Each structure stands twice: as C-alpha cells, then as structure tokens.
Amino acid sequence: MATSHRHPALSRLFSRDLRGHLDRPHFIDRFQMWSLPVIACWMLIIGTRNGYSLKTRIPENPEASMNLSQIMSYWGYPNEQYDIVTKDGYILGLYRIPHGRGCLGTAPYRPVVYLQHGVSASAFNWIANLPPNSLAYILADAGCDVWLGNSRGTTWSRRHVSLSPDSEEFWAFSFDDMANYDLPATIDFIVKKTRQKQLYYLGHSQGTTIDTKFNQFLATKICNLWVFHWLCKGIFFATYGSDYRNINESRLDVYMSNYPGPISVQNLIHWAQIITSGRLQAFDWEDPALNIVHYNQVTPPLYNVTLMMVPTVLWSGGEDMLADPADVDSLLPNITNLIYHKRVPYYNHMDFCLGMDAPQQVFYEVISMIMTNMQT
C-alpha cells in the first residue's frame with residue numbers, strides 16, 4: 001500500500017480479516033499452551049522407545065535466537081534502532097535499514113518506505129526469510145530507505161514510561177490507540193529524521209495469539225528435533241494457513257521463534273466487535289456513558305474508508321482464511337483512490353510475507369511502482 005504522510009484517514013484503515021476467527025484464538029491458546037507439551041512428552045517417550053535419538057536434530061538456524069538488529073547484521077545489512085515515545089507513554093522500537101549491502105551512505109533522495117506489521121506480529125515479518133525473499137532487504141538493495149515499525153505490546157515494544165507490561169493497565173489498548181498514537185509518533189519521527197515530505201506505507205494484515213517465550217522454547221528446543229518437526233510444522237500451518245509448497249520449511253525454527261507475538265485482550269475484543277457488528281468502527285465500551293466519555297456520542301464512531309484519498313494499491317489472496325476474498329471484494333468499492341489490485345489465486349495469509357515466490361508475485365511490483373512514482 002502506497003500513501004503520503006499525514007492523511008487523516010490513513011491511521012484508521014485496518015483490514016477486516018478476522019471473520020470466522022472468533023473462537024480460534026482461545027482454541028489455539030489452549031491447544032498450544034497445554035496440549036502441545038503433553039503431546040511433546042508423549043512423543044518423546046514413544047520416540048525413544050522406538051529408536052529415535054534425541055541427537056537427531058534438524059540444523060538450527062542461528063537467527064532463531066537473535067533479536068532484530070542481530071538478524072539484520074547477520075546478513076550484512078546496516079541497521080539502526082530508535083526508541084519512540086508516544087503521547088500516552090508507550091515506548092516503541094523502530095528499526096531502520098538506511099541502504100542495502102551494496103550501497104555506501106544514505107542518498108539525499110532515497111525513497112522512504114515504512115513497513116507495518118499486523119496484529120500479533122512484529123517487524124520480524126519483513127526479515128523472516130533469506131535476503132532474496134525478504135521484503136525489507138529487497139527494498140534496501142533496490143535503493144530505498146527502509147523503516148520497520150513495532151506496535152505497542154509487540155515483542156520489541158513492550159515498554160512504557162510508567163506502566164509495567166505485567167500490569168492490566170499496560171494492555172488496556174486496541175488498534176484505536178495504535179492508530180491515534182503509535183502510527184503518528186512513528187511517522188512524525190521518520191519524516192523529521194529523513195527530512196522527506198512523503199513516505200510509502202506498506203502493511204500486512206492480521207495474525208493470531210500466544211506467549212513469546214514459549215514460542216522460542218518450542219523453536220529452539222523442540223521443533224528442531226526430527227521426531228517433533230512434523231508436529232511443529234502442522235501447528236504453524238494450522239495457525240497461519242500458509243501453503244506447505246510456498247514456505248521454506250528449513251526456516252521453521254526462525255518463524256516459530258517470532259510467531260505469533262503478544263496481543264492485548266482489548267484489541268482482540270475490538271476485532272470481535274467489528275466481526276459481530278459488520279461495521280468498521282472504534283472500540284465499543286459497551287456502556288453509553290463510557291462511549292460518551294471517549295467519543296462524545298453513545299455509539300462508537302465509524303471509520304469512513306471512502307475519505308482515504310491517497311493512492312492505494314492492494315494485493316490479496318484467493319485462499320486467505322483471514323482476509324477472505326468476500327471481505328476484500330466488499331472493501332474494494334469503498335477505496336476511493338485504488339490504482340491497482342492483484343489477487344494471487346493460491347495465496348494464503350502468510351504467503352505475502354513468507355512465500356518463496358512473494359518477490360515475483362508482490363515485492364518486485366512494489367519496487368517498480370515506487371521507482372515509477374519517483375520519476376513522475
């Protein structure tokens with residue numbers, strides 16, 4: 001998605017892609033947090049009795065135990081990390097790849113691209129694969145100044161000037177707050193830092209939920225054992241709906257060490273409200289008095305997508321279980337300045353970030369559009 005800075009509707013546009021998913025987060029949370037350790041122990045016993053060796057491991061990718069800066073440096077990309085403080089006190093981790101591996105310094109008119117992840121994800125989305133298949137690296141090598149954001153509560157943005165991430169108050173937010181505080185603070189910082197008048201905004205849709213430390217334990221201690229690899233692979237694909245054929249299975253430990261990330265209950269409830277009501281609207285406090293306090297009206301305000309006038313491009317998947325084609329088709333007529341839409345028939349939700357052919361299906365088209373716009 002390409003856009004310019006400071007459009008009032010930009011920060012309000014999020015995909016309605018959680019349809020049919022109301023009960024899945026709870027089910028997945030219970031299954032992964034309780035059933036998986038039991039199954040793992042059972043498999044450990046059965047596997048040992050039937051001659052499987054615990055030393056039979058799939059080669060571990062070193063990135064599975066790295067943070068974002070370490071991953072980027074590992075592949076030879078220059079990177080910078082900044083702490084952004086929002087008006088309501090959340091401290092966001094913002095990352096930058098100023099140029100590609102073959103470039104020296106930052107060109108004065110290098111196009112600025114901001115990458116925004118979805119719910120329960122992080123900036124890791126954009127560097128999850130090898131450099132030839134990761135959007136952030138491809139953009140940097142193409143001459144872009146790449147910025148990777150992390151919304152509040154995600155793995156790299158779990159700090160606040162006064163609240164502890166262990167407190168209920170810390171998690172009392174939904175994507176309303178990300179739109180009102182996180183995105184403006186991040187974009188303002190990027191614009192001031194780069195001294196550019198506009199930037200390109202690229203975003204991916206939503207994910208699901210669980211706890212982060214458990215993910216890394218599974219990825220580095222369990223999933224790289226051959227006897228458990230099939231189990232981890234099944235859970236990953238069941239959760240994210242990706243196609244086995246289009247994913248680099250050798251990087252499963254890297255994926256699972258970062259997917260899914262933390263999510264606030266309030267944010268999950270907000271998406272559930274949208275699905276139930278069928279309306280893209282602000283968080284409903286389910287009390288007219290509280291809605292009046294927050295919005296000066298008894299019902300939450302609607303988000304009017306038609307007010308978004310910036311040039312917009314959209315890629316969607318024909319087999320996406322979260323952003324399903326029917327929802328996309330209902331959205332398209334409401335996008336006022338839609339200049340391009342492509343539906344990849346066999347793409348599911350995570351193919352847009354992790355698909356082996358994502359460069360050919362999406363990334364190279366993004367770069368071509370950016371470069372063409374820079375010449376006009």
# chains A, B, ... in the order shown; residues from 1 in each chain; ligands from 1

call {"tool": "select_by_dssp", "arguments": {"residues": "stretch 100-215 of chain A", "states": "alpha helix (DSSP H)", "output": "PyMOL selection string"}}
result
chain A and resi 135-141+175-177+183-194+212-215

call {"tool": "write_last_selection", "arguments": {"atoms": "N, CA, C and O atoms", "output": "mmCIF file, in the first residue's frame"}}
result
data_model
loop_
_atom_site.group_PDB
_atom_site.id
_atom_site.type_symbol
_atom_site.label_atom_id
_atom_site.label_comp_id
_atom_site.auth_asym_id
_atom_site.auth_seq_id
_atom_site.Cartn_x
_atom_site.Cartn_y
_atom_site.Cartn_z
ATOM 1 N N LEU A 135 11.171 -8.804 2.134
ATOM 2 C CA LEU A 135 10.833 -7.513 1.544
ATOM 3 C C LEU A 135 11.750 -6.389 2.006
ATOM 4 O O LEU A 135 12.164 -5.555 1.199
ATOM 5 N N ALA A 136 12.083 -6.330 3.296
ATOM 6 C CA ALA A 136 12.920 -5.234 3.801
ATOM 7 C C ALA A 136 14.279 -5.226 3.120
ATOM 8 O O ALA A 136 14.788 -4.164 2.730
ATOM 9 N N TYR A 137 14.876 -6.391 2.957
ATOM 10 C CA TYR A 137 16.183 -6.477 2.317
ATOM 11 C C TYR A 137 16.097 -6.144 0.832
ATOM 12 O O TYR A 137 16.968 -5.462 0.278
ATOM 13 N N ILE A 138 15.058 -6.622 0.180
ATOM 14 C CA ILE A 138 14.886 -6.360 -1.251
ATOM 15 C C ILE A 138 14.714 -4.867 -1.500
ATOM 16 O O ILE A 138 15.299 -4.300 -2.427
ATOM 17 N N LEU A 139 13.911 -4.207 -0.657
ATOM 18 C CA LEU A 139 13.711 -2.761 -0.795
ATOM 19 C C LEU A 139 15.013 -2.000 -0.572
ATOM 20 O O LEU A 139 15.337 -1.066 -1.313
ATOM 21 N N ALA A 140 15.768 -2.389 0.452
ATOM 22 C CA ALA A 140 17.034 -1.716 0.749
ATOM 23 C C ALA A 140 18.019 -1.876 -0.396
ATOM 24 O O ALA A 140 18.687 -0.912 -0.803
ATOM 25 N N ASP A 141 18.107 -3.082 -0.951
ATOM 26 C CA ASP A 141 19.026 -3.327 -2.065
ATOM 27 C C ASP A 141 18.586 -2.599 -3.330
ATOM 28 O O ASP A 141 19.407 -2.340 -4.222
ATOM 29 N N PHE A 175 -6.467 -1.364 18.528
ATOM 30 C CA PHE A 175 -5.830 -0.708 17.389
ATOM 31 C C PHE A 175 -6.269 0.742 17.237
ATOM 32 O O PHE A 175 -5.663 1.504 16.486
ATOM 33 N N ASP A 176 -7.320 1.155 17.953
ATOM 34 C CA ASP A 176 -7.645 2.584 18.022
ATOM 35 C C ASP A 176 -6.433 3.372 18.518
ATOM 36 O O ASP A 176 -6.060 4.409 17.964
ATOM 37 N N ASP A 177 -5.820 2.881 19.591
ATOM 38 C CA ASP A 177 -4.679 3.572 20.190
ATOM 39 C C ASP A 177 -3.442 3.487 19.307
ATOM 40 O O ASP A 177 -2.639 4.422 19.248
ATOM 41 N N LEU A 183 1.144 5.120 15.255
ATOM 42 C CA LEU A 183 1.462 5.459 13.871
ATOM 43 C C LEU A 183 1.862 6.916 13.690
ATOM 44 O O LEU A 183 2.879 7.207 13.040
ATOM 45 N N PRO A 184 1.120 7.885 14.261
ATOM 46 C CA PRO A 184 1.554 9.286 14.124
ATOM 47 C C PRO A 184 2.936 9.541 14.721
ATOM 48 O O PRO A 184 3.753 10.242 14.114
ATOM 49 N N ALA A 185 3.209 8.973 15.910
ATOM 50 C CA ALA A 185 4.515 9.194 16.538
ATOM 51 C C ALA A 185 5.631 8.613 15.685
ATOM 52 O O ALA A 185 6.696 9.232 15.514
ATOM 53 N N THR A 186 5.398 7.445 15.122
ATOM 54 C CA THR A 186 6.404 6.787 14.296
ATOM 55 C C THR A 186 6.650 7.549 13.009
ATOM 56 O O THR A 186 7.801 7.813 12.627
ATOM 57 N N ILE A 187 5.589 7.913 12.327
ATOM 58 C CA ILE A 187 5.737 8.607 11.043
ATOM 59 C C ILE A 187 6.324 9.995 11.248
ATOM 60 O O ILE A 187 7.173 10.446 10.460
ATOM 61 N N ASP A 188 5.910 10.689 12.292
ATOM 62 C CA ASP A 188 6.494 12.006 12.581
ATOM 63 C C ASP A 188 8.007 11.905 12.763
ATOM 64 O O ASP A 188 8.768 12.731 12.253
ATOM 65 N N PHE A 189 8.433 10.872 13.496
ATOM 66 C CA PHE A 189 9.867 10.689 13.722
ATOM 67 C C PHE A 189 10.598 10.426 12.411
ATOM 68 O O PHE A 189 11.664 11.009 12.148
ATOM 69 N N ILE A 190 10.041 9.564 11.574
ATOM 70 C CA ILE A 190 10.690 9.221 10.308
ATOM 71 C C ILE A 190 10.797 10.446 9.402
ATOM 72 O O ILE A 190 11.844 10.692 8.792
ATOM 73 N N VAL A 191 9.733 11.209 9.324
ATOM 74 C CA VAL A 191 9.728 12.395 8.454
ATOM 75 C C VAL A 191 10.773 13.407 8.917
ATOM 76 O O VAL A 191 11.499 13.991 8.115
ATOM 77 N N LYS A 192 10.857 13.623 10.239
ATOM 78 C CA LYS A 192 11.850 14.566 10.763
ATOM 79 C C LYS A 192 13.270 14.052 10.548
ATOM 80 O O LYS A 192 14.184 14.823 10.226
ATOM 81 N N LYS A 193 13.452 12.760 10.743
ATOM 82 C CA LYS A 193 14.786 12.178 10.621
ATOM 83 C C LYS A 193 15.274 12.182 9.176
ATOM 84 O O LYS A 193 16.450 12.468 8.908
ATOM 85 N N THR A 194 14.398 11.879 8.243
ATOM 86 C CA THR A 194 14.802 11.779 6.837
ATOM 87 C C THR A 194 14.660 13.100 6.085
ATOM 88 O O THR A 194 15.200 13.246 4.993
ATOM 89 N N THR A 212 5.291 -15.345 23.964
ATOM 90 C CA THR A 212 6.540 -15.248 23.170
ATOM 91 C C THR A 212 7.631 -16.197 23.655
ATOM 92 O O THR A 212 8.297 -16.844 22.854
ATOM 93 N N LYS A 213 7.844 -16.263 24.945
ATOM 94 C CA LYS A 213 8.932 -17.108 25.452
ATOM 95 C C LYS A 213 8.673 -18.577 25.148
ATOM 96 O O LYS A 213 9.593 -19.346 24.862
ATOM 97 N N PHE A 214 7.406 -18.974 25.207
ATOM 98 C CA PHE A 214 7.051 -20.352 24.886
ATOM 99 C C PHE A 214 7.369 -20.641 23.420
ATOM 100 O O PHE A 214 7.835 -21.731 23.075
ATOM 101 N N ASN A 215 7.124 -19.670 22.543
ATOM 102 C CA ASN A 215 7.452 -19.831 21.115
ATOM 103 C C ASN A 215 8.924 -20.143 20.927
ATOM 104 O O ASN A 215 9.292 -21.053 20.182
#

call {"tool": "residues_around", "arguments": {"residues": "A:Pro111", "least_positions_apart": "3", "cutoff": "8 Å", "atoms": "only C-alpha atoms", "output": "PyMOL selection string"}}
result
chain A and resi 143-145+199-200+370+374

call {"tool": "select_by_dssp", "arguments": {"residues": "stretch 118-354 of chain A", "states": "strand (DSSP E or B)", "output": "list in words"}}
result
Asp145, Val146, Trp147, Leu148, Arg159, His160, Tyr200, Tyr201, Leu202, Gly203, Leu225, Gln281, Leu302, Thr312, Val313, Leu314, Trp315, Ser316, Gly317, Leu338, Ile339, Tyr340, His341, Lys342, Arg343 and Val344 of chain A

call {"tool": "write_last_selection", "arguments": {"atoms": "N, CA, C and O atoms", "output": "compact mmCIF listing (two decimals), in the first residue's frame"}}
result
# COMPACT_ATOMS: atom_id res chain seq x y z
N ASP A 145 15.18 3.65 1.58
CA ASP A 145 15.47 3.86 3.00
C ASP A 145 14.34 3.19 3.76
O ASP A 145 13.21 3.69 3.79
N VAL A 146 14.60 2.04 4.36
CA VAL A 146 13.54 1.18 4.89
C VAL A 146 13.40 1.32 6.40
O VAL A 146 14.39 1.22 7.14
N TRP A 147 12.15 1.51 6.87
CA TRP A 147 11.85 1.63 8.29
C TRP A 147 10.86 0.55 8.68
O TRP A 147 9.88 0.31 7.98
N LEU A 148 11.12 -0.11 9.81
CA LEU A 148 10.29 -1.21 10.28
C LEU A 148 9.70 -0.86 11.64
O LEU A 148 10.43 -0.70 12.62
N ARG A 159 7.40 -1.74 26.42
CA ARG A 159 7.86 -0.84 27.47
C ARG A 159 6.94 0.38 27.54
O ARG A 159 6.27 0.73 26.58
N HIS A 160 6.95 1.01 28.70
CA HIS A 160 6.13 2.20 28.95
C HIS A 160 6.88 3.07 29.95
O HIS A 160 7.67 2.57 30.75
N TYR A 200 6.30 5.98 1.71
CA TYR A 200 5.46 4.90 1.22
C TYR A 200 5.13 3.97 2.38
O TYR A 200 6.02 3.54 3.11
N TYR A 201 3.86 3.70 2.55
CA TYR A 201 3.38 2.89 3.65
C TYR A 201 2.98 1.52 3.11
O TYR A 201 2.10 1.40 2.26
N LEU A 202 3.64 0.47 3.61
CA LEU A 202 3.32 -0.90 3.21
C LEU A 202 2.92 -1.69 4.44
O LEU A 202 3.67 -1.73 5.43
N GLY A 203 1.75 -2.30 4.41
CA GLY A 203 1.28 -3.02 5.58
C GLY A 203 0.77 -4.40 5.25
O GLY A 203 0.22 -4.63 4.17
N LEU A 225 14.03 -31.00 16.62
CA LEU A 225 14.18 -32.45 16.71
C LEU A 225 13.34 -33.08 15.60
O LEU A 225 12.17 -32.75 15.44
N GLN A 281 -15.48 0.15 12.98
CA GLN A 281 -15.74 1.23 13.91
C GLN A 281 -14.74 1.21 15.07
O GLN A 281 -13.98 0.27 15.23
N LEU A 302 -17.88 5.38 13.30
CA LEU A 302 -17.49 4.52 12.19
C LEU A 302 -16.26 5.07 11.50
O LEU A 302 -16.01 6.27 11.49
N THR A 312 -3.75 4.15 -3.53
CA THR A 312 -3.69 2.89 -2.80
C THR A 312 -3.56 1.72 -3.75
O THR A 312 -4.26 1.65 -4.76
N VAL A 313 -2.66 0.79 -3.42
CA VAL A 313 -2.55 -0.46 -4.17
C VAL A 313 -2.77 -1.60 -3.20
O VAL A 313 -2.46 -1.50 -2.01
N LEU A 314 -3.32 -2.69 -3.70
CA LEU A 314 -3.74 -3.78 -2.83
C LEU A 314 -3.43 -5.13 -3.47
O LEU A 314 -3.72 -5.35 -4.64
N TRP A 315 -2.85 -6.02 -2.66
CA TRP A 315 -2.66 -7.40 -3.06
C TRP A 315 -3.47 -8.27 -2.11
O TRP A 315 -3.44 -8.06 -0.90
N SER A 316 -4.18 -9.25 -2.63
CA SER A 316 -4.98 -10.14 -1.80
C SER A 316 -4.80 -11.58 -2.26
O SER A 316 -4.32 -11.84 -3.36
N GLY A 317 -5.18 -12.51 -1.37
CA GLY A 317 -5.01 -13.93 -1.66
C GLY A 317 -6.32 -14.63 -1.89
O GLY A 317 -7.29 -14.40 -1.17
N LEU A 338 -8.14 3.72 -5.50
CA LEU A 338 -7.49 2.44 -5.75
C LEU A 338 -6.91 2.45 -7.15
O LEU A 338 -7.63 2.55 -8.15
N ILE A 339 -5.59 2.35 -7.23
CA ILE A 339 -4.93 2.40 -8.54
C ILE A 339 -4.50 1.03 -9.04
O ILE A 339 -4.16 0.87 -10.22
N TYR A 340 -4.51 0.04 -8.15
CA TYR A 340 -4.09 -1.30 -8.58
C TYR A 340 -4.53 -2.32 -7.56
O TYR A 340 -4.43 -2.10 -6.35
N HIS A 341 -5.06 -3.43 -8.04
CA HIS A 341 -5.39 -4.56 -7.19
C HIS A 341 -5.02 -5.85 -7.89
O HIS A 341 -5.33 -6.03 -9.06
N LYS A 342 -4.35 -6.72 -7.17
CA LYS A 342 -3.98 -8.03 -7.71
C LYS A 342 -4.35 -9.11 -6.72
O LYS A 342 -4.00 -9.01 -5.54
N ARG A 343 -5.06 -10.11 -7.18
CA ARG A 343 -5.38 -11.25 -6.34
C ARG A 343 -4.57 -12.44 -6.82
O ARG A 343 -4.66 -12.84 -7.98
N VAL A 344 -3.77 -12.98 -5.93
CA VAL A 344 -2.98 -14.17 -6.25
C VAL A 344 -3.84 -15.37 -5.85
O VAL A 344 -4.06 -15.60 -4.66

call {"tool": "closest_residue", "arguments": {"among": "A:Ser69, A:Ser264, A:Thr306, A:Gln196", "to": "A:Arg158", "atoms": "only C-alpha atoms"}}
result
A:Ser264

call {"tool": "closest_residue", "arguments": {"among": "A:Leu115, A:Ile247, A:Met308, A:Met178", "to": "A:Leu354", "atoms": "only C-alpha atoms"}}
result
A:Ile247

call {"tool": "atom_distance", "arguments": {"atom1": "atom CA of A:Asp357", "atom2": "atom CA of A:Gln81"}}
result
29.1 Å

call {"tool": "closest_residue", "arguments": {"among": "A:Ala172, A:Ile91, A:Ala358, A:Leu130", "to": "A:Trp285", "atoms": "only C-alpha atoms"}}
result
A:Ala172

call {"tool": "decode", "arguments": {"residues": "stretch 143-155 of chain A", "atoms": "C-alpha atoms", "output": "compact mmCIF listing (two decimals), in the first residue's frame"}}
result
# COMPACT_ATOMS: atom_id res chain seq x y z
CA GLY A 143 17.81 1.83 -3.14
CA CYS A 144 15.11 2.50 -0.53
CA ASP A 145 15.47 3.86 3.00
CA VAL A 146 13.54 1.18 4.89
CA TRP A 147 11.85 1.63 8.29
CA LEU A 148 10.29 -1.21 10.28
CA GLY A 149 7.72 -0.36 12.92
CA ASN A 150 6.61 -2.27 16.01
CA SER A 151 3.21 -1.51 17.52
CA ARG A 152 2.70 -1.29 21.28
CA GLY A 153 2.73 -4.57 23.16
CA THR A 154 4.63 -6.46 20.48
CA THR A 155 7.88 -8.26 21.20
